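Worksheet for the structure shown next.
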Amino acid sequence: MIRAPAVAGQFYPGTLRDLDKEVGRLTRDIAEKIPARGIVVPHAGYVYSGEVAGEVFSSVELPDRHVIFCPNHTGSGADAAVISRGAWRMPWGDVPIDESLADRLRASCPLLSEDRSAHAREHSLEVQLPFLRRFRDTFRFVPVALGHLSLPDCRTLGEAVASVIRDDPSPPLLIASSDMTHYESDANARKKDQKAISRILAMDPEGLYKTVRSERITMCGVIPATVVLYAAVSLGATEARLIKYSTSGDVSGDYGRVVGYAGLAIL
C-alpha cells in the first residue's frame, strides 16, 4: 500500500541531499508563527512557486497531522478521492497516512471515495510534503484529490471535515493546493487573481467559487480552496491573510504568459 513518487526529480529535486538544500533555500525560521486552521499554497515546480509555498509553510504553525486537498489534474478516478491506508514514498522515506482520521472523514462524508487511481500521477499534493518535513521530522496526513464538485458538494464536504475535527484536541491543518491564473499576461493574471484572493480574505467560500467561474479565472484548485474555506468558517475562523503572491514572470522574466501563485493563511 505504498504510493510511489510521481514527480520527484521533476517538480522538486529527486535526491534527499538536493531536496533538503532546495527546501532550506525556500524556507526560513520565523519565531512567531500564525495559528492557522487552513492554508492555500501553490504547487508548481519549486523554481516557480517554491518561494510562495516556502513562505507560507515557514509562517504558520504546523501540527503533526494534515488533511491535504488537491485538484485532480489527470481526470482519473473519483471526484472526491481519498487514500486511507498505507504511506507515500518520498526521497527521505515513507510518509504515513493518518488511517484513523481518514476513516472518520469517510464515515462523515459519503462524497469521499476510496480511490488510489486519482492520486497515482497527481503532482499537486506530493510537492507539499517536503515543505512539511522541513518543520516536522515526522507527520501524518490524509490525501484528498478533488475533481468537479458543485458548490453544495463543496459545502457538504467542508462542513463534514469540520464536524470530524472540531473537538479534536490536536486538530490537523487543512491544506488547499492551488495555483492561480494560468497562461495570461502578468497584468491580467494579477487583476484576475486579486478578485479570487479578495473572496478568500473576505472568508466567502461561495463568493470564491462563483467569482472564479464568472470571471473565468483558471484557478485549478478552486474546489480544494472552497472546501477548506467552508471547513475553516464552520470551525470558527474569522480572518484570512495573504502571505505572498507572485507570478512565474518574476522568475522567468517572461511577463507575456504567466501563472499566478498565492499563499494564504486562514485563521
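As shown in the C-alpha cells, the chain order sets the letters A, B, ...; within each chain, residues go from 1, and ligands are also counted from 1 in the order they appear.
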Expected answer as number ranges by chain: strand (DSSP E) residues in region 212-246 of chain A: A: 240-246
For the selection you just gave me, I'd like the residues written to a file as a short mmCIF file (atom, residue, chain, number, x, y, z; two decimals), in the first residue's frame, keeping C-alpha atoms.
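Result saved to out-v7.cif:
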```
data_model
loop_
_atom_site.label_atom_id
_atom_site.label_comp_id
_atom_site.auth_asym_id
_atom_site.auth_seq_id
_atom_site.Cartn_x
_atom_site.Cartn_y
_atom_site.Cartn_z
CA ALA A 240 -7.51 35.22 6.27
CA ARG A 241 -4.13 36.73 5.43
CA LEU A 242 -2.29 36.95 2.14
CA ILE A 243 1.26 35.89 2.93
CA LYS A 244 2.83 36.13 -0.51
CA TYR A 245 1.86 36.47 -4.18
CA SER A 246 3.97 36.21 -7.31
#
```
Pull the closest atom pair for each residue of region 79-113 of chain A that gets at most 8 Å from region 139-162 of chain A, along with the distance in Å to one decimal, counting only C-alpha atoms, ordering rows by chain and then ascending residue number, as a Markdown table.
```
| residue | atom | partner | partner_atom | distance |
| --- | --- | --- | --- | --- |
| A:Asp79 | CA | A:Gly147 | CA | 4.3 |
| A:Ala80 | CA | A:Leu146 | CA | 4.7 |
| A:Ala81 | CA | A:Ala145 | CA | 5.1 |
| A:Val82 | CA | A:Val144 | CA | 4.6 |
| A:Ile83 | CA | A:Pro143 | CA | 6.0 |
| A:Ser84 | CA | A:Val142 | CA | 6.9 |
| A:Val95 | CA | A:Arg140 | CA | 6.6 |
| A:Pro96 | CA | A:Arg140 | CA | 5.3 |
| A:Ile97 | CA | A:Phe141 | CA | 5.0 |
| A:Asp98 | CA | A:Arg140 | CA | 5.2 |
| A:Glu99 | CA | A:Val142 | CA | 7.6 |
| A:Leu101 | CA | A:Val142 | CA | 7.3 |
| A:Ala102 | CA | A:Val142 | CA | 6.0 |
| A:Leu105 | CA | A:Val161 | CA | 6.3 |
| A:Ser108 | CA | A:Ala160 | CA | 5.9 |
| A:Cys109 | CA | A:Ala160 | CA | 5.9 |
| A:Leu111 | CA | A:Leu157 | CA | 7.1 |
```
Among the residues A:Ile2, A:Ala232, A:Val23, A:Ala262, the one that comes closest to Arg166 (chain A) [using only C-alpha atoms]: A:Ala232
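Ranking A:Leu16, A:Ala231, A:Ile34, A:Val60 by their shortest atom-to-atom distance to Pro91 (chain A), with only C-alpha atoms included, puts A:Leu16 first.
Counting only C-alpha atoms and comparing A:Cys220, A:Leu129, A:Ile68, A:Leu26, the residue that lies closest to Tyr48 (chain A) is A:Leu26.
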In region 9-256 of chain A, DSSP alpha helix (DSSP H) residues written as number ranges by chain: A: 16-26, 46-59, 99-108, 129-135, 151-165, 186-201, 205-214, 222-234, 249-252
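The environment of Ile217 (chain A) within 12 Å, counting only C-alpha atoms and disregarding residues fewer than 5 places along the same chain, consists of Asp179, Met180, Thr181, His182, Tyr183, Glu184, Asn188, Ala189, Arg190, Lys191, Lys192, Asp193, Gln194, Lys195, Ala196, Ile197, Leu208, Tyr209, Lys210, Thr211, Val212, Val222, Val259 and Gly260 of chain A.
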For C-alpha atoms, I'd like the residues from the last selection saved as a PDB file, in the first residue's frame.
```
ATOM      1  CA  ASP A 179      -2.174  27.696  -8.472  1.00  0.00           C
ATOM      2  CA  MET A 180      -3.972  30.779  -9.704  1.00  0.00           C
ATOM      3  CA  THR A 181      -4.438  32.213 -13.232  1.00  0.00           C
ATOM      4  CA  HIS A 182      -2.734  30.220 -15.992  1.00  0.00           C
ATOM      5  CA  TYR A 183      -1.082  31.482 -19.184  1.00  0.00           C
ATOM      6  CA  GLU A 184      -2.251  35.062 -19.385  1.00  0.00           C
ATOM      7  CA  ASN A 188      -4.253  40.216 -16.476  1.00  0.00           C
ATOM      8  CA  ALA A 189      -3.231  37.446 -14.092  1.00  0.00           C
ATOM      9  CA  ARG A 190      -2.699  39.838 -11.203  1.00  0.00           C
ATOM     10  CA  LYS A 191      -6.024  41.569 -11.854  1.00  0.00           C
ATOM     11  CA  LYS A 192      -7.974  38.327 -12.007  1.00  0.00           C
ATOM     12  CA  ASP A 193      -6.179  36.702  -9.111  1.00  0.00           C
ATOM     13  CA  GLN A 194      -6.889  39.680  -6.880  1.00  0.00           C
ATOM     14  CA  LYS A 195     -10.604  39.079  -7.386  1.00  0.00           C
ATOM     15  CA  ALA A 196     -10.281  35.482  -6.176  1.00  0.00           C
ATOM     16  CA  ILE A 197      -7.912  36.394  -3.352  1.00  0.00           C
ATOM     17  CA  LEU A 208     -14.769  32.457  -4.286  1.00  0.00           C
ATOM     18  CA  TYR A 209     -16.416  29.608  -6.181  1.00  0.00           C
ATOM     19  CA  LYS A 210     -18.764  31.896  -8.122  1.00  0.00           C
ATOM     20  CA  THR A 211     -16.144  34.583  -8.845  1.00  0.00           C
ATOM     21  CA  VAL A 212     -13.712  32.068 -10.300  1.00  0.00           C
ATOM     22  CA  VAL A 222     -10.658  26.485  -6.546  1.00  0.00           C
ATOM     23  CA  VAL A 259       0.984  31.522 -13.966  1.00  0.00           C
ATOM     24  CA  GLY A 260      -0.028  33.165 -10.689  1.00  0.00           C
TER      25      GLY A 260
END
```
Straight-line distance linking CA of Pro171 (chain A) with CA of Ser198 (chain A), stated in Å to one decimal: 26.5 Å
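Restricting the calculation to only C-alpha atoms, the smallest distance between His66 (chain A) and any of A:Leu235, A:Pro130, A:Leu173, A:Val164 is found for A:Leu173.
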Selection near Glu122 (chain A), 9 Å with only C-alpha atoms, sequence-local residues under 2 positions removed, as an MDAnalysis selection string: chainID A and resid 6:7 70:74 118:120 124:126 145
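Neighbours of Arg3 (chain A) closer than or equal to 8 Å, with only C-alpha atoms counted and sequence neighbours fewer than 5 positions away skipped, come out as Gly86, Ala87, Trp88, Arg89 and Ala120 of chain A.
Counting only C-alpha atoms, the residue from A:Leu19, A:Ala4, A:Val47, A:Leu264 that sits nearest to Leu174 (chain A) is A:Leu264.
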